[in-house]
Amino acid sequence: MDFVNGLRLKDIVEIRDILAGGSNGKEIKIRGAIHTIRDMSEFSFVVLRKYEGLVQCVYEEGKIPDFNIRMLREEATVEAKGIVTAEERAPGGFEIRLTGIRILSEPAKDTTMPIPISKWKLKTSLETKLTLRPVSLRNVRERAIFKIQEGIVRGFRDFMFSQNFTEVRTPKIVAGNAEGGANVFKLEYFGKKAFLAQSPQFYKQTLVGVYDRVFEAAPVFRAEKHNTTRHLNEYTSLDFEMGYIDGFEDIMDMEAAMLKYTLQFLSEEYAKEIRILGIELPDVLHFPAVRFDEAKRLVSEKYNRKIRNPYDLEPEEEILIGKYFKEEYNSDFVFVTHYPSKKRPFYAMDDPADPKFTLSFDLLFKGMEITTGGQRIHSYEEQVAKMEARGMDTEDFKNFLMIHKHGMPPHGGLGIGLERFTMRLLDEQNVRETTLFPRDVSRLEP
């Protein structure tokens, strides 16, 4: 009878073990994939790729019995044995002088890498990178993008927990759509009509009545036929909803504090990836806030641009608003508040001072909307009245209205597009660059 008792100690080391010290001059074992081989005649560099980064190994002809460098191929996985030696020019400041190597697995015979992933930067088209995604992601810079994205989610989650939020997981197959409109993916669900969730909105509002403060990091789906550099049909939304607020300003304050925490977290925990990508994190000392109508007026006057749509911001206007607040206040972020009620969902609370506008906001980052949020209607009578004024059948929303009928605190929340936020943070030009496996109007694979 055998028993499984948990992790077993192995004599395999990781990069962090070597960097911790005490390994110099000692023989160790390490495992990884062969990222590249550089044959220098009398010796060769065998660079291994691990989850932590690259490891430079040195193979000297004749040092390993019954072995030569031609037995190795790029992307084979190996167990290498060798002496750790200080070397400032190598990744991590050390290299491994090989004394043995064991091949664990190899690529299929007669295959070559379709793109040179060992190059510092992949000089190929985005379309090629996406088509070859399982391979292109092995490139050092491509990997760094998604480590930064990991750090954003970690920072978001850590901060939410520190502020007494409860993490929740809401259904992605739903009976109705939260945002209105026709941009939903329809499903056949055991003979019933169903949709892929556009947003966790109804559920996170429901759970405010349970936990007061909730958050989620999960996919949402939009059946929009946009083929632009900023739209996806499936993306990750960082959502939170909080109760007992005094106004929608509390939500903006919470997001500003979260972003300050997250960017500081990135600078401390992901310095290597920041260095690889050559990026500079934005200053988050302050976040200007401006009313929607005032923002449109300011950019219209300064940049001589006619206001064409009084109810929403066009992408060009977002760019100009970002430019204005960068020039005037040296801020990459700006909250645009009080969006017109006509362009906001039925659950958005109208401004008591002027019901044509809502107590809502977008956060623009470097001229692009990355967040939409605001205060929600918590009164049953007010919610029903607004739905009826829009010609909606309240019977279709009886489960959602149950929370209002049985009492809800003043509350509100927001959603942040993770891929779009990462795109602006890294100054990429297309959101697909910061999406592991994009889903858009033309791409369903890989």
# chains A, B, ... in the order shown; residues from 1 in each chain; ligands from 1
call {"tool": "residues_around", "arguments": {"residues": "range 192-194 of chain A", "least_positions_apart": "3", "cutoff": "8 Å", "atoms": "only C-alpha atoms", "output": "ChimeraX atom specification"}}
result
/A:173-176,186-189
call {"tool": "select_by_dssp", "arguments": {"residues": "range 359-397 of chain A", "states": "helix (DSSP H, G or I)", "output": "VMD selection string"}}
result
chain A and resid 380 to 389 394 to 397
call {"tool": "select_by_dssp", "arguments": {"residues": "range 259-429 of chain A", "states": "strand (DSSP E)", "output": "ChimeraX atom specification"}}
result
/A:289-291,333-337,350-351,354-358,360-365,368-375,411-417
call {"tool": "closest_residue", "arguments": {"among": "A:Lys323, A:Lys225, A:Lys121, A:His378", "to": "Val140 in chain A", "atoms": "only C-alpha atoms"}}
result
A:Lys121
call {"tool": "residues_around", "arguments": {"residues": "Leu259 in chain A", "least_positions_apart": "3", "cutoff": "12 Å", "atoms": "only C-alpha atoms", "output": "PyMOL selection string"}}
result
chain A and resi 151-160+238+252-256+262-266+281-287+333+363+365+371+416+421+425
call {"tool": "residues_around", "arguments": {"residues": "Ala33 in chain A", "least_positions_apart": "2", "cutoff": "7 Å", "atoms": "only C-alpha atoms", "output": "ChimeraX atom specification"}}
result
/A:35,48-50,75-78
call {"tool": "write_last_selection", "arguments": {"atoms": "N, CA and C atoms", "output": "short mmCIF file (atom, residue, chain, number, x, y, z; two decimals), in the first residue's frame"}}
result
data_model
loop_
_atom_site.label_atom_id
_atom_site.label_comp_id
_atom_site.auth_asym_id
_atom_site.auth_seq_id
_atom_site.Cartn_x
_atom_site.Cartn_y
_atom_site.Cartn_z
N HIS A 35 16.14 27.26 -24.67
CA HIS A 35 15.66 28.47 -25.33
C HIS A 35 16.48 28.77 -26.58
N LEU A 48 18.77 27.94 -20.94
CA LEU A 48 17.54 27.28 -20.53
C LEU A 48 16.47 28.32 -20.17
N ARG A 49 15.23 28.00 -20.48
CA ARG A 49 14.09 28.86 -20.14
C ARG A 49 13.28 28.21 -19.03
N LYS A 50 13.10 28.97 -17.95
CA LYS A 50 12.29 28.52 -16.84
C LYS A 50 11.22 29.57 -16.54
N GLU A 75 14.08 23.91 -27.75
CA GLU A 75 12.76 23.54 -27.22
C GLU A 75 12.69 22.12 -26.67
N ALA A 76 13.82 21.38 -26.72
CA ALA A 76 13.88 20.14 -25.94
C ALA A 76 13.90 20.53 -24.46
N THR A 77 13.37 19.68 -23.62
CA THR A 77 13.47 19.92 -22.18
C THR A 77 14.53 19.00 -21.61
N VAL A 78 15.30 19.54 -20.66
CA VAL A 78 16.46 18.80 -20.17
C VAL A 78 16.60 18.95 -18.66
#
call {"tool": "residues_around", "arguments": {"residues": "Phe335 in chain A", "least_positions_apart": "3", "cutoff": "12 Å", "atoms": "only C-alpha atoms", "output": "number ranges by chain"}}
result
A: 248-249, 251-253, 255-256, 286-292, 294-295, 318, 321-322, 325, 331-332, 338-339, 360-374
call {"tool": "closest_residue", "arguments": {"among": "A:Asp110, A:Asp66, A:Thr337, A:Gly412", "to": "Val214 in chain A", "atoms": "only C-alpha atoms"}}
result
A:Gly412
call {"tool": "residues_around", "arguments": {"residues": "range 402-404 of chain A", "least_positions_apart": "2", "cutoff": "9 Å", "atoms": "only C-alpha atoms", "output": "MDAnalysis selection string"}}
result
chainID A and resid 205:206 209 377:381 383 397:400 406:408
call {"tool": "write_last_selection", "arguments": {"atoms": "C-alpha atoms", "output": "compact mmCIF listing (two decimals), in the first residue's frame"}}
result
# COMPACT_ATOMS: atom_id res chain seq x y z
CA GLN A 205 -25.36 44.15 -6.59
CA THR A 206 -27.23 41.20 -5.10
CA GLY A 209 -26.91 42.85 0.29
CA ILE A 377 -30.37 52.89 -7.66
CA HIS A 378 -31.16 51.22 -4.33
CA SER A 379 -34.83 52.22 -3.94
CA TYR A 380 -37.37 49.72 -5.28
CA GLU A 381 -39.84 52.42 -6.29
CA GLN A 383 -35.79 51.48 -9.91
CA PHE A 397 -36.19 41.49 -13.99
CA LYS A 398 -38.10 40.10 -11.02
CA ASN A 399 -35.04 38.33 -9.57
CA PHE A 400 -32.95 41.50 -9.81
CA HIS A 406 -36.33 43.55 0.34
CA GLY A 407 -33.96 46.41 1.10
CA MET A 408 -30.55 47.51 -0.17
call {"tool": "closest_residue", "arguments": {"among": "A:Val299, A:Val184, A:Val4, A:Ile148", "to": "Ser267 in chain A", "atoms": "only C-alpha atoms"}}
result
A:Ile148
call {"tool": "atom_distance", "arguments": {"atom1": "CA of Arg70 in chain A", "atom2": "CA of Ser41 in chain A"}}
result
11.8 Å
call {"tool": "residues_around", "arguments": {"residues": "His231 in chain A", "least_positions_apart": "6", "cutoff": "10 Å", "atoms": "only C-alpha atoms", "output": "list in words"}}
result
Arg222, Glu224, Lys225, Glu419, Arg420, Asn430, Val431, Arg432, Arg439, Asp440 and Val441 of chain A
call {"tool": "write_last_selection", "arguments": {"atoms": "C-alpha atoms", "output": "PDB file, in the first residue's frame"}}
result
ATOM      1  CA  ARG A 222     -19.726  41.206 -25.626  1.00  0.00           C
ATOM      2  CA  GLU A 224     -19.961  43.509 -30.589  1.00  0.00           C
ATOM      3  CA  LYS A 225     -18.918  43.364 -34.236  1.00  0.00           C
ATOM      4  CA  GLU A 419      -6.470  43.797 -21.062  1.00  0.00           C
ATOM      5  CA  ARG A 420      -7.166  47.412 -21.985  1.00  0.00           C
ATOM      6  CA  ASN A 430      -3.551  46.970 -29.888  1.00  0.00           C
ATOM      7  CA  VAL A 431      -5.407  45.279 -27.036  1.00  0.00           C
ATOM      8  CA  ARG A 432      -4.683  41.886 -28.600  1.00  0.00           C
ATOM      9  CA  ARG A 439     -11.395  36.382 -29.063  1.00  0.00           C
ATOM     10  CA  ASP A 440     -12.609  38.895 -31.607  1.00  0.00           C
ATOM     11  CA  VAL A 441     -14.898  38.949 -34.629  1.00  0.00           C
TER      12      VAL A 441
END
call {"tool": "closest_residue", "arguments": {"among": "A:Glu314, A:Pro114, A:Gly243, A:Asn177", "to": "Phe346 in chain A", "atoms": "only C-alpha atoms"}}
result
A:Asn177
call {"tool": "closest_residue", "arguments": {"among": "A:Ile30, A:Lys405, A:Arg344, A:Asp396", "to": "Glu382 in chain A", "atoms": "only C-alpha atoms"}}
result
A:Lys405
call {"tool": "atom_distance", "arguments": {"atom1": "CA of Ser162 in chain A", "atom2": "CA of Asn330 in chain A"}}
result
29.3 Å
